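final19.cif, holding mmCIF, C-alpha atoms:
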```cif
data_target
loop_
_atom_site.label_atom_id
_atom_site.label_comp_id
_atom_site.auth_asym_id
_atom_site.auth_seq_id
_atom_site.Cartn_x
_atom_site.Cartn_y
_atom_site.Cartn_z
CA MET L 1 137.30 94.84 129.84
CA ARG L 2 136.74 94.85 126.11
CA TYR L 3 133.66 92.65 126.60
CA PHE L 4 132.21 95.19 129.03
CA SER L 5 132.93 98.09 126.69
CA ILE L 6 130.98 96.36 123.90
CA ILE L 7 128.08 95.76 126.29
CA GLY L 8 128.27 99.42 127.28
CA TYR L 9 127.98 100.64 123.70
CA ARG L 10 125.12 98.26 122.98
CA SER L 11 123.34 99.19 126.21
CA ILE L 12 123.62 102.87 125.38
CA PHE L 13 122.12 102.21 121.98
CA TYR L 14 119.17 100.19 123.32
CA PHE L 15 118.60 102.71 126.11
CA LEU L 16 118.59 105.57 123.58
CA VAL L 17 116.13 103.76 121.31
CA PHE L 18 113.87 102.92 124.27
CA LEU L 19 114.04 106.54 125.47
CA ILE L 20 113.09 107.93 122.06
CA VAL L 21 110.23 105.45 121.62
CA SER L 22 108.91 106.35 125.07
CA HIS L 23 108.95 110.02 124.11
CA ASN L 24 106.23 109.33 121.59
CA VAL L 25 103.86 110.54 124.32
CA ILE L 26 105.25 114.04 123.80
CA ASN L 27 103.90 115.93 120.86
CA THR L 28 106.90 116.62 118.64
CA GLY L 29 104.92 118.53 116.03
CA ILE L 30 104.60 117.92 112.35
CA PHE L 31 108.24 118.29 111.37
CA ILE L 32 109.84 115.60 113.50
CA ASN L 33 108.86 111.99 113.10
CA LEU L 34 110.32 109.80 115.83
CA THR L 35 109.90 106.62 113.76
CA TYR L 36 112.18 108.01 111.04
CA LEU L 37 114.65 109.31 113.63
CA LEU L 38 114.78 105.86 115.20
CA SER L 39 115.25 104.30 111.79
CA LEU L 40 118.24 106.59 111.30
CA LEU L 41 119.65 105.58 114.66
CA VAL L 42 119.13 101.88 113.92
CA PHE L 43 120.72 102.31 110.50
CA LEU L 44 123.79 104.06 111.90
CA TYR L 45 124.31 101.64 114.75
CA SER L 46 127.20 99.45 113.82
CA ASP L 47 127.84 96.21 115.56
CA LYS L 48 131.00 94.46 114.49
CA LYS L 49 129.60 91.07 115.49
CA PHE L 50 126.56 89.43 113.96
CA ASP L 51 124.44 89.77 117.04
CA LEU L 52 121.18 87.83 116.85
CA SER L 53 119.69 89.73 119.73
CA LEU L 54 119.71 93.04 117.78
CA PRO L 55 116.89 92.25 115.30
CA ILE L 56 114.87 90.48 117.98
CA ILE L 57 115.13 93.37 120.46
CA ILE L 58 114.42 95.88 117.68
CA PHE L 59 111.33 93.85 116.76
CA PHE L 60 109.98 94.07 120.32
CA ILE L 61 110.85 97.78 120.61
CA GLY L 62 108.87 98.28 117.40
CA VAL L 63 105.87 96.45 118.88
CA TYR L 64 106.18 98.64 122.02
CA GLN L 65 106.07 101.74 119.79
CA ASP L 66 103.08 100.39 117.83
CA ILE L 67 101.09 99.85 121.03
CA LEU L 68 101.91 103.42 122.12
CA ILE L 69 101.07 105.02 118.79
CA GLY L 70 98.15 102.75 117.93
CA ASN L 71 99.60 101.44 114.67
CA SER L 72 99.09 97.92 113.39
CA LEU L 73 101.43 95.73 115.41
CA GLY L 74 104.57 95.02 113.42
CA TYR L 75 104.53 98.27 111.42
CA SER L 76 107.39 100.04 113.24
CA SER L 77 109.33 96.77 113.58
CA SER L 78 109.15 96.29 109.81
CA ILE L 79 110.52 99.78 109.17
CA PHE L 80 113.40 99.35 111.64
CA LEU L 81 114.24 95.87 110.40
CA PHE L 82 114.04 97.04 106.80
CA PHE L 83 116.83 99.55 107.50
CA ILE L 84 119.00 96.98 109.28
CA PHE L 85 118.46 94.57 106.39
CA LEU L 86 119.25 97.26 103.83
CA LYS L 87 122.48 98.10 105.60
CA GLU L 88 123.54 94.47 105.88
CA LEU L 89 122.68 93.92 102.22
CA VAL L 90 124.90 96.82 101.16
CA LYS L 91 127.64 95.50 103.45
CA TYR L 92 127.26 92.03 101.93
CA PHE L 93 128.05 93.41 98.48
CA GLY L 94 131.01 95.29 99.92
CA LEU L 95 129.65 98.73 99.07
CA TYR L 96 129.14 100.13 102.55
CA ASP L 97 132.66 101.53 102.97
CA ILE L 98 132.52 103.53 99.75
CA LYS L 99 132.11 107.24 100.44
CA HIS L 100 128.48 108.47 100.61
CA THR L 101 127.06 104.96 100.07
CA PRO L 102 125.50 104.75 103.58
CA PHE L 103 123.88 108.15 103.05
CA ILE L 104 122.52 107.26 99.60
CA THR L 105 121.28 103.91 100.91
CA PHE L 106 119.47 105.59 103.79
CA VAL L 107 117.90 108.20 101.50
CA ALA L 108 116.76 105.50 99.07
CA GLY L 109 115.35 103.41 101.94
CA SER L 110 113.51 106.38 103.46
CA PHE L 111 111.91 107.39 100.18
CA SER L 112 110.89 103.85 99.29
CA ILE L 113 109.15 103.49 102.69
CA PHE L 114 107.55 106.90 102.27
CA PHE L 115 106.18 106.11 98.80
CA PHE L 116 104.93 102.70 99.90
CA ASN L 117 103.13 104.31 102.86
CA TYR L 118 101.79 107.16 100.78
CA ILE L 119 100.41 104.96 98.00
CA TYR L 120 98.94 102.46 100.50
CA LEU L 121 97.14 105.22 102.43
CA THR L 122 95.95 107.09 99.36
CA VAL L 123 94.53 103.94 97.80
CA ASN L 124 93.23 102.39 101.01
CA TYR L 125 91.65 105.46 102.59
CA GLN L 126 90.89 107.43 99.40
CA THR L 127 92.12 110.61 101.00
CA SER L 128 94.28 113.41 99.64
CA LEU L 129 97.37 113.63 101.83
CA ASN L 130 99.30 116.87 102.01
CA ILE L 131 102.64 115.94 100.42
CA PHE L 132 104.47 118.84 102.11
CA TYR L 133 103.56 117.67 105.61
CA GLU L 134 104.39 114.08 104.75
CA ILE L 135 107.75 114.69 103.14
CA THR L 136 109.14 117.29 105.58
CA PRO L 137 109.91 114.82 108.42
CA ILE L 138 111.83 112.65 105.96
CA LEU L 139 113.86 115.58 104.68
CA ILE L 140 114.63 116.64 108.26
CA THR L 141 115.75 113.10 109.11
CA ILE L 142 117.98 113.08 106.02
CA ILE L 143 119.49 116.42 107.06
CA LEU L 144 120.19 114.92 110.49
CA PHE L 145 122.07 111.98 108.94
CA GLN L 146 125.55 113.51 109.08
CA PRO L 147 125.30 114.97 112.63
CA PHE L 148 123.88 111.68 113.95
CA ASN L 149 126.55 109.74 112.08
CA PHE L 150 129.24 111.88 113.70
CA ILE L 151 127.77 111.44 117.20
CA MET L 152 127.35 107.68 116.79
CA LYS L 153 130.94 107.33 115.59
CA GLN L 154 132.21 109.34 118.55
CA ILE L 155 130.27 107.13 120.98
CA GLU L 156 131.56 104.04 119.18
CA LYS L 157 135.15 105.29 119.43
CA MET L 158 134.73 105.86 123.17
CA TYR L 159 133.83 102.22 123.64
CA GLU L 160 136.39 100.71 121.28
CA MET N 1 133.80 71.39 127.20
CA ARG N 2 130.19 72.39 127.59
CA VAL N 3 128.94 74.88 125.02
CA SER N 4 125.70 76.79 125.61
CA LYS N 5 122.89 76.68 123.02
CA TYR N 6 123.18 80.42 122.45
CA SER N 7 126.88 80.02 121.58
CA GLN N 8 125.99 77.25 119.14
CA TYR N 9 123.45 79.50 117.40
CA LYS N 10 125.99 82.29 117.38
CA LYS N 11 128.47 80.05 115.59
CA ILE N 12 125.92 79.15 112.94
CA PHE N 13 125.06 82.79 112.30
CA ASN N 14 128.63 83.98 112.50
CA SER N 15 128.81 84.73 108.81
CA ARG N 16 127.34 87.67 106.97
CA SER N 17 125.19 85.64 104.60
CA SER N 18 123.57 83.62 107.41
CA TYR N 19 122.97 86.79 109.37
CA LEU N 20 121.41 88.34 106.26
CA TYR N 21 119.08 85.33 105.91
CA PHE N 22 118.12 85.64 109.57
CA LEU N 23 117.39 89.36 109.12
CA PHE N 24 115.34 88.67 106.02
CA PHE N 25 113.37 86.00 107.88
CA ILE N 26 112.56 88.27 110.82
CA LEU N 27 111.66 91.15 108.43
CA VAL N 28 109.25 88.90 106.52
CA PHE N 29 107.83 87.65 109.83
CA SER N 30 107.28 91.25 110.91
CA ILE N 31 105.45 92.09 107.66
CA ILE N 32 103.30 88.95 107.95
CA PHE N 33 102.58 89.99 111.55
CA ILE N 34 101.11 93.30 110.25
CA PHE N 35 98.83 91.51 107.81
CA ILE N 36 97.71 89.01 110.48
CA ASN N 37 96.75 91.97 112.67
CA ILE N 38 94.92 93.71 109.82
CA LYS N 39 93.00 90.54 108.91
CA ASN N 40 92.32 89.64 112.55
CA PRO N 41 91.88 92.89 114.47
CA SER N 42 90.75 90.95 117.55
CA ILE N 43 94.34 89.77 118.16
CA GLN N 44 95.60 93.34 118.10
CA ASP N 45 92.69 94.57 120.25
CA THR N 46 93.33 91.94 122.92
CA LEU N 47 97.07 92.60 122.95
CA THR N 48 96.58 96.37 123.08
CA LYS N 49 93.98 96.18 125.83
CA LEU N 50 96.25 94.04 127.97
CA THR N 51 99.37 96.12 127.46
CA ALA N 52 98.28 99.69 126.70
CA GLU N 53 97.91 100.93 130.28
CA PRO N 54 101.17 99.55 131.74
CA ILE N 55 103.07 100.58 128.61
CA LEU N 56 101.63 104.09 128.80
CA LYS N 57 102.67 104.29 132.46
CA ILE N 58 106.25 103.23 131.60
CA SER N 59 106.36 105.66 128.71
CA SER N 60 104.96 108.55 130.77
CA PHE N 61 107.47 107.83 133.55
CA VAL N 62 110.45 107.73 131.18
CA SER N 63 109.41 110.91 129.39
CA THR N 64 108.62 112.90 132.57
CA PRO N 65 111.75 115.15 132.52
CA VAL N 66 111.31 116.20 128.88
CA ASN N 67 107.58 116.54 129.40
CA MET N 68 108.11 118.83 132.38
CA ALA N 69 110.56 120.99 130.44
CA SER N 70 108.25 121.31 127.45
CA ASN N 71 105.26 122.04 129.72
CA GLY N 72 107.30 124.72 131.50
CA ILE N 73 108.15 126.45 128.23
CA GLU N 74 104.53 126.17 127.10
CA LYS N 75 103.33 127.73 130.37
CA ILE N 76 105.72 130.68 130.04
CA ILE N 77 104.39 131.30 126.51
CA LYS N 78 100.83 131.00 127.81
CA VAL N 79 101.43 133.49 130.64
CA LYS N 80 102.75 135.96 128.08
CA LYS N 81 99.69 135.32 125.90
CA VAL N 82 97.32 135.78 128.86
CA TYR N 83 99.00 139.11 129.65
CA ASP N 84 98.59 140.27 126.02
CA ASP N 85 94.99 139.05 125.92
CA LEU N 86 94.20 140.91 129.12
CA GLU N 87 95.51 144.13 127.66
CA SER N 88 93.48 143.76 124.47
CA TYR N 89 90.46 142.69 126.51
CA ASN N 90 90.62 145.90 128.53
CA LYS N 91 90.66 147.89 125.30
CA GLU N 92 87.70 146.07 123.79
CA LYS N 93 85.64 145.87 126.95
CA LEU N 94 83.10 148.47 125.87
CA SER N 95 82.35 146.96 122.47
CA GLU N 96 82.20 143.50 124.08
CA THR N 97 79.38 144.66 126.34
CA SER N 98 77.22 145.70 123.40
CA ASN N 99 78.05 142.41 121.58
CA PHE N 100 77.02 140.45 124.65
CA GLN N 101 73.69 142.23 124.71
CA LYS N 102 73.20 141.38 121.03
CA ILE N 103 73.93 137.69 121.69
CA ILE N 104 71.45 137.59 124.57
CA SER N 105 68.72 139.18 122.47
CA LEU N 106 69.43 136.73 119.61
CA LYS N 107 69.24 133.80 122.01
CA MET N 108 65.91 135.07 123.34
CA LYS N 109 64.64 135.35 119.77
CA VAL N 110 65.72 131.79 118.94
CA MET N 111 63.93 130.53 122.05
CA GLU N 112 60.76 132.36 120.98
CA TYR N 113 60.94 130.86 117.47
CA GLU N 114 61.51 127.38 118.85
CA LYS N 115 58.41 127.76 121.01
CA LEU N 116 56.38 128.95 118.03
CA LEU N 117 57.58 126.03 115.84
CA ASN N 118 56.97 123.57 118.66
CA LEU N 119 60.50 122.14 118.27
CA SER N 120 61.62 119.26 120.43
CA ASN N 121 64.07 119.91 123.23
CA ASP N 122 67.77 120.20 122.50
CA ILE N 123 70.03 117.25 122.99
CA GLU N 124 71.39 117.25 126.51
CA TYR N 125 75.02 116.50 127.27
CA ASN N 126 77.11 115.62 130.24
CA TYR N 127 80.79 116.41 130.12
CA VAL N 128 83.80 114.55 131.36
CA THR N 129 86.87 116.73 131.25
CA ALA N 130 90.17 114.91 130.82
CA ARG N 131 93.82 115.76 130.34
CA ILE N 132 95.77 114.56 127.32
CA THR N 133 98.54 112.37 128.68
CA GLY N 134 100.09 111.31 125.41
CA ASN N 135 99.72 112.89 122.02
CA PHE N 136 100.85 110.75 119.09
CA THR N 137 101.64 112.60 115.92
CA ASP N 138 102.93 109.77 113.83
CA GLN N 139 103.38 110.30 110.11
CA PHE N 140 99.97 108.90 109.21
CA SER N 141 98.03 108.52 112.42
CA GLU N 142 96.73 111.16 114.77
CA ASN N 143 95.61 110.00 118.17
CA ALA N 144 96.10 110.67 121.86
CA PHE N 145 95.59 109.16 125.28
CA ILE N 146 93.44 110.89 127.91
CA ASN N 147 93.38 110.17 131.64
CA ALA N 148 89.73 109.14 131.82
CA GLY N 149 88.20 105.81 130.97
CA LYS N 150 85.33 103.42 131.56
CA SER N 151 85.41 104.14 135.30
CA MET N 152 84.23 107.69 134.49
CA GLY N 153 81.53 106.58 132.09
CA LEU N 154 83.49 106.86 128.86
CA GLN N 155 82.98 104.38 126.09
CA ILE N 156 83.98 103.84 122.46
CA ASP N 157 82.69 106.41 119.92
CA LEU N 158 81.90 109.20 122.37
CA PRO N 159 82.59 112.57 120.73
CA ILE N 160 85.48 114.62 122.04
CA ILE N 161 85.48 118.42 121.93
CA GLY N 162 87.98 121.12 122.73
CA GLU N 163 87.27 124.74 123.65
CA LYS N 164 86.25 125.78 120.16
CA GLY N 165 84.96 122.69 118.40
CA ILE N 166 85.10 118.97 117.93
CA VAL N 167 88.46 117.25 117.85
CA GLY N 168 87.67 113.55 117.54
CA ARG N 169 86.07 110.53 119.13
CA ILE N 170 87.07 107.76 121.53
CA SER N 171 88.50 104.80 119.66
CA GLU N 172 89.60 102.68 122.60
CA ALA N 173 88.33 102.80 126.20
CA ASN N 174 90.30 101.22 129.01
CA ASN N 175 89.50 101.48 132.72
CA GLU N 176 91.53 104.57 133.54
CA THR N 177 92.61 105.77 130.10
CA SER N 178 91.09 106.15 126.65
CA ARG N 179 92.49 106.68 123.20
CA ILE N 180 91.11 109.52 121.07
CA LEU N 181 91.11 109.28 117.30
CA PHE N 182 91.45 112.85 116.02
CA ILE N 183 89.36 114.04 113.08
CA THR N 184 92.63 114.71 111.25
CA ASP N 185 93.51 111.00 111.24
CA VAL N 186 93.34 109.41 107.80
CA SER N 187 90.84 106.82 109.02
CA SER N 188 88.45 109.41 110.50
CA ARG N 189 85.10 110.07 108.80
CA VAL N 190 82.67 112.71 110.13
CA PRO N 191 79.34 113.60 108.47
CA VAL N 192 79.17 117.42 108.25
CA LEU N 193 77.03 120.32 107.11
CA ILE N 194 78.52 123.28 105.25
CA SER N 195 77.15 126.83 105.25
CA ASP N 196 73.69 128.08 106.27
CA ASN N 197 72.14 126.10 103.42
CA GLY N 198 73.25 122.84 105.02
CA HIS N 199 75.16 121.15 102.17
CA GLN N 200 76.11 117.72 103.40
CA GLY N 201 79.43 115.95 103.06
CA ILE N 202 81.90 113.67 104.77
CA LEU N 203 84.92 115.19 106.52
CA ILE N 204 87.93 112.97 105.89
CA GLY N 205 91.21 113.41 107.74
CA ASN N 206 94.42 113.66 105.78
CA SER N 207 97.04 113.28 108.48
CA LYS N 208 98.45 116.72 109.28
CA GLY N 209 97.03 120.00 108.12
CA SER N 210 93.49 120.62 107.14
CA PRO N 211 90.99 117.80 106.61
CA SER N 212 88.78 117.87 103.56
CA VAL N 213 85.08 117.39 102.91
CA HIS N 214 84.22 114.90 100.19
CA PHE N 215 80.95 113.94 98.47
CA VAL N 216 79.49 117.47 98.53
CA ASN N 217 76.65 117.89 96.05
CA GLU N 218 76.38 121.60 95.25
CA LEU N 219 79.98 122.65 95.50
CA SER N 220 79.45 125.86 93.54
CA LYS N 221 77.17 127.24 96.26
CA ILE N 222 79.82 126.88 98.95
CA ASN N 223 81.93 129.93 99.71
CA ILE N 224 85.30 130.38 101.33
CA GLY N 225 84.75 131.14 105.02
CA ASP N 226 81.53 129.12 105.33
CA LEU N 227 81.03 127.43 108.67
CA VAL N 228 81.38 123.63 108.85
CA MET N 229 79.36 121.79 111.52
CA THR N 230 78.56 118.21 112.36
CA SER N 231 75.33 116.99 110.77
CA GLY N 232 74.41 114.42 113.39
CA LYS N 233 74.13 111.66 110.81
CA GLY N 234 75.79 108.38 111.64
CA GLY N 235 74.97 108.50 115.32
CA VAL N 236 78.43 109.35 116.66
CA PHE N 237 78.62 113.12 116.62
CA PRO N 238 75.57 115.17 117.71
CA PRO N 239 74.43 117.86 115.25
CA PHE N 240 75.61 121.48 115.10
CA LEU N 241 78.99 121.10 116.79
CA ILE N 242 81.46 123.46 115.17
CA VAL N 243 84.21 121.80 113.14
CA GLY N 244 85.81 124.75 111.34
CA ARG N 245 85.64 126.97 108.28
CA VAL N 246 86.06 126.43 104.55
CA ILE N 247 89.45 127.71 103.40
CA SER N 248 89.55 126.43 99.85
CA LYS N 249 87.71 124.28 97.35
CA ASN N 250 88.67 122.53 94.17
CA GLU N 251 86.87 120.24 91.72
CA ASP N 252 85.25 117.91 94.23
CA ILE N 253 86.85 118.59 97.61
CA VAL N 254 86.37 121.34 100.19
CA GLU N 255 89.32 122.02 102.46
CA VAL N 256 88.52 122.93 106.07
CA GLU N 257 90.53 124.83 108.66
CA LEU N 258 89.67 123.38 112.06
CA SER N 259 88.45 125.71 114.80
CA GLU N 260 90.54 123.80 117.28
CA ASP N 261 94.33 123.62 117.08
CA ILE N 262 94.74 119.92 117.84
CA ASP N 263 98.51 120.13 118.32
CA LYS N 264 98.11 122.58 121.22
CA LEU N 265 95.38 120.74 123.10
CA ASN N 266 95.97 119.98 126.76
CA TYR N 267 92.45 119.34 128.02
CA VAL N 268 89.44 117.94 126.19
CA ARG N 269 85.86 117.09 127.06
CA ALA N 270 84.07 113.86 126.28
CA LEU N 271 80.40 114.45 125.51
CA ILE N 272 78.09 111.94 127.11
CA VAL N 273 74.92 112.41 125.09
CA ASN N 274 71.72 111.76 127.05
CA LYS N 275 69.39 111.58 124.11
CA LEU N 276 69.50 109.80 120.77
CA PHE N 277 69.91 112.20 117.89
CA ASP N 278 69.76 110.04 114.79
#
```

Show the structure stored in the file as C-alpha cells.
Amino acid sequence: MRYFSIIGYRSIFYFLVFLIVSHNVINTGIFINLTYLLSLLVFLYSDKKFDLSLPIIIFFIGVYQDILIGNSLGYSSSIFLFFIFLKELVKYFGLYDIKHTPFITFVAGSFSIFFFNYIYLTVNYQTSLNIFYEITPILITIILFQPFNFIMKQIEKMYE
Amino acid sequence: MRVSKYSQYKKIFNSRSSYLYFLFFILVFSIIFIFINIKNPSIQDTLTKLTAEPILKISSFVSTPVNMASNGIEKIIKVKKVYDDLESYNKEKLSETSNFQKIISLKMKVMEYEKLLNLSNDIEYNYVTARITGNFTDQFSENAFINAGKSMGLQIDLPIIGEKGIVGRISEANNETSRILFITDVSSRVPVLISDNGHQGILIGNSKGSPSVHFVNELSKINIGDLVMTSGKGGVFPPFLIVGRVISKNEDIVEVELSEDIDKLNYVRALIVNKLFD
C-alpha cells in the first residue's frame, strides 16, 4: 500500500510537470514564466529515496519543452537539473532543514540563472534587454514559493 | 535470489554523495548537450523537424481545456469591445466619410505621380491566413506555431503580418505547421526606415516590450512619433510595411512601439511575394 502511495505522489508530480510544460502553447503573458514555475515545482518536490529516474525523466521533459518553445535542446533540462542539484547539494551539507534555507537557496539559484542568461544574451546578441520585463517573472516565482511549498507539502502528507 | 539490474544500480546510488555525483554528471551532460546543439545546429534541426508536429499535437490536446477557457474569456472581452467600437463608430460616421474621400483623392494623386515618374509596378503579394496554435513567450524567445505549412506554399523566411503591421517571419516550415519568429525575439533583425526622410537602421528585438533600432546615422533628425517601416533591404521583408512608431531615443538607439500587439494575435497572414524586391 505504501509502495502505491509513493508511486501516486510521484505520478502526480510528473503529471503536473507534463501538464505545465504542455501549456506552453498558451500565451501566459510577460509576467509568468512557465520555465521558472516548473523549476520551483522541481525544487520543492521531495523524494525521500534517491530515485535515479527523477533526473532522467526531468531531462526528457526539459527536451520536450525545448522542442515546444524552440530553445536550444538541453536548455530547460539544465535549468531544472540545476535546481535539483542545488537542493541536493544543500541537503548534503545538512543545511536544508534550517529555517528559510530552501527559500534562500531557490532565490540564489533563480538569480544566478537569470544573470547568466542576461549576460549571455546581452553579449551574444548585442541587444538592450528591458530589465523590468526580465526580472518580473522571477520575482513572481519567488513570491509563489511559499504557497507552492504549502501545497506540495499537503500533497506529500496525503500520500505519506 | 535473482536481483534485477535496476535494483543493483539503485543500491550503488543509495547514498547521498553518489546520487549527487549522478546529478552532477547528468547536469554537465545537459549543458554539453546545449553546446553540441549550438555548434551543430543540424542535429537540433533534424530532431525538431521529426518531433515538432507530434509534440505540438500532444501539447495542444493536453492544453485544450485551459485553452478553451482562456479563449472564452477573450471572446467575451472582444464582444464587449465590438459593442463599444460600434457605438463610437456610429458617432464618428460623418467625419469618417469625409476622411475616406480624402484618402481616395490622395490615392488617386499618388497613382498620377507614379505614372508621371514612370515608376515600376508595386510588389504583388499573395496571402495565406493562418491561426496561431501555440504562442511561446519564454523569457528570452518569442515565437509561435501557426496551422499552415509547406502544403500551403509557406517556406522559411516568408514575412508574417498582422492587421496593423509586420510581426515576424517564418523560421521553421513543416508540412502542416510553421514556426514564426517574432520581431521582438532577441535574435530577430529587420532592416527599417524611420520617418519621411528614410533614415535607415536595424530593428533588433529585446525579448518583451518594445524593440529598438540600432545603427541609425542621423539620430538627431528623428522625432518621437515618427513612423517606422521596413526598408526592403536584406531580401526578407518587402519595403514599406508598417512596423510601428518611435517612442523614445537615447544616445544611439531608437525605441519603437509596435503597431501590432503581438501578445493578442490570433490570426496572421504570411506574405507570399511574387516579385523580387532587393

Between CA of Phe115 in chain L and CA of Tyr36 in chain L, what is the distance, to one decimal in Å?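 Straight-line distance from CA of Phe115 in chain L to CA of Tyr36 in chain L works out to 13.8 Å.
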
Counting all atoms listed in the file, which residues of chain L sit at most 8 Å from some atom of chain N, and what is each one's closest atom pair with its distance in Å to one decimal, listed by chain and rising residue number, as CSV?
```
residue,atom,partner,partner_atom,distance
L:Leu19,CA,N:Val62,CA,6.8
L:Ser22,CA,N:Ser59,CA,4.5
L:His23,CA,N:Ser63,CA,5.4
L:Asn24,CA,N:Phe136,CA,6.1
L:Val25,CA,N:Gly134,CA,4.0
L:Ile26,CA,N:Asn135,CA,5.9
L:Asn27,CA,N:Asn135,CA,5.3
L:Thr28,CA,N:Thr137,CA,7.2
L:Gly29,CA,N:Thr137,CA,6.8
L:Ile30,CA,N:Lys208,CA,7.0
L:Asn33,CA,N:Asp138,CA,6.4
L:Leu34,CA,N:Asp138,CA,7.7
L:Thr35,CA,N:Asp138,CA,7.6
L:Lys49,CA,N:Asn14,CA,7.8
L:Phe50,CA,N:Asn14,CA,6.0
L:Asp51,CA,N:Lys10,CA,7.6
L:Leu52,CA,N:Lys10,CA,7.4
L:Pro55,CA,N:Leu23,CA,6.8
L:Ile56,CA,N:Ile26,CA,7.8
L:Phe59,CA,N:Ser30,CA,7.6
L:Tyr64,CA,N:Ile55,CA,7.5
L:Ile67,CA,N:Thr48,CA,6.1
L:Leu68,CA,N:Leu56,CA,6.7
L:Ile69,CA,N:Phe136,CA,5.7
L:Gly70,CA,N:Asn143,CA,7.7
L:Asn71,CA,N:Ser141,CA,7.6
L:Ser72,CA,N:Ile34,CA,5.9
L:Leu73,CA,N:Ile34,CA,5.7
L:Gly74,CA,N:Ile34,CA,5.0
L:Tyr75,CA,N:Ile34,CA,6.1
L:Ser77,CA,N:Ser30,CA,6.5
L:Ser78,CA,N:Ser30,CA,5.5
L:Leu81,CA,N:Leu27,CA,5.7
L:Phe82,CA,N:Leu27,CA,6.6
L:Ile84,CA,N:Leu23,CA,7.8
L:Phe85,CA,N:Leu23,CA,6.0
L:Glu88,CA,N:Leu20,CA,6.5
L:Leu89,CA,N:Leu20,CA,7.0
L:Tyr92,CA,N:Arg16,CA,6.7
L:Leu121,CA,N:Val186,CA,7.8
L:Tyr125,CA,N:Ser187,CA,6.6
L:Thr127,CA,N:Asn206,CA,6.1
L:Ser128,CA,N:Asn206,CA,6.1
L:Leu129,CA,N:Asn206,CA,4.9
L:Asn130,CA,N:Asn206,CA,7.0
L:Tyr133,CA,N:Lys208,CA,6.4
L:Glu134,CA,N:Gln139,CA,6.6
```

Same residues, C-alpha atoms, output as a compact mmCIF listing (two decimals), in the frame of the given file:
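To be explicit, this is the file written out as part37.txt:
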```txt
# COMPACT_ATOMS: atom_id res chain seq x y z
CA LEU L 19 114.04 106.54 125.47
CA SER L 22 108.91 106.35 125.07
CA HIS L 23 108.95 110.02 124.11
CA ASN L 24 106.23 109.33 121.59
CA VAL L 25 103.86 110.54 124.32
CA ILE L 26 105.25 114.04 123.80
CA ASN L 27 103.90 115.93 120.86
CA THR L 28 106.90 116.62 118.64
CA GLY L 29 104.92 118.53 116.03
CA ILE L 30 104.60 117.92 112.35
CA ASN L 33 108.86 111.99 113.10
CA LEU L 34 110.32 109.80 115.83
CA THR L 35 109.90 106.62 113.76
CA LYS L 49 129.60 91.07 115.49
CA PHE L 50 126.56 89.43 113.96
CA ASP L 51 124.44 89.77 117.04
CA LEU L 52 121.18 87.83 116.85
CA PRO L 55 116.89 92.25 115.30
CA ILE L 56 114.87 90.48 117.98
CA PHE L 59 111.33 93.85 116.76
CA TYR L 64 106.18 98.64 122.02
CA ILE L 67 101.09 99.85 121.03
CA LEU L 68 101.91 103.42 122.12
CA ILE L 69 101.07 105.02 118.79
CA GLY L 70 98.15 102.75 117.93
CA ASN L 71 99.60 101.44 114.67
CA SER L 72 99.09 97.92 113.39
CA LEU L 73 101.43 95.73 115.41
CA GLY L 74 104.57 95.02 113.42
CA TYR L 75 104.53 98.27 111.42
CA SER L 77 109.33 96.77 113.58
CA SER L 78 109.15 96.29 109.81
CA LEU L 81 114.24 95.87 110.40
CA PHE L 82 114.04 97.04 106.80
CA ILE L 84 119.00 96.98 109.28
CA PHE L 85 118.46 94.57 106.39
CA GLU L 88 123.54 94.47 105.88
CA LEU L 89 122.68 93.92 102.22
CA TYR L 92 127.26 92.03 101.93
CA LEU L 121 97.14 105.22 102.43
CA TYR L 125 91.65 105.46 102.59
CA THR L 127 92.12 110.61 101.00
CA SER L 128 94.28 113.41 99.64
CA LEU L 129 97.37 113.63 101.83
CA ASN L 130 99.30 116.87 102.01
CA TYR L 133 103.56 117.67 105.61
CA GLU L 134 104.39 114.08 104.75
```

Pick out the residues sitting within 7 Å of Ile242 in chain N, and hand them over as an MDAnalysis selection string; count all atoms listed in the file, and ignore anything fewer than 6 positions along from it in its own chain. chainID N and resid 165:166 228:230

Enter the distance from CA of Pro102 in chain L to CA of Lys157 in chain L, in Å, rounded to one decimal.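 It comes out at 18.6 Å.
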
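What the PyMOL selection byres ((chain N and resi 167) around 7) matches in the given file is Ile160, Ile161, Gly162, Gly165, Ile166, Gly168, Phe182, Ile183, Glu260 and Ile262 of chain N.
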
Please list as a PyMOL selection string every residue within 8 Å of range 192-196 of chain N, counting all atoms listed in the file and excluding residues in the same chain fewer than 2 positions away. chain N and resi 190+198-203+213+222-223+226-232
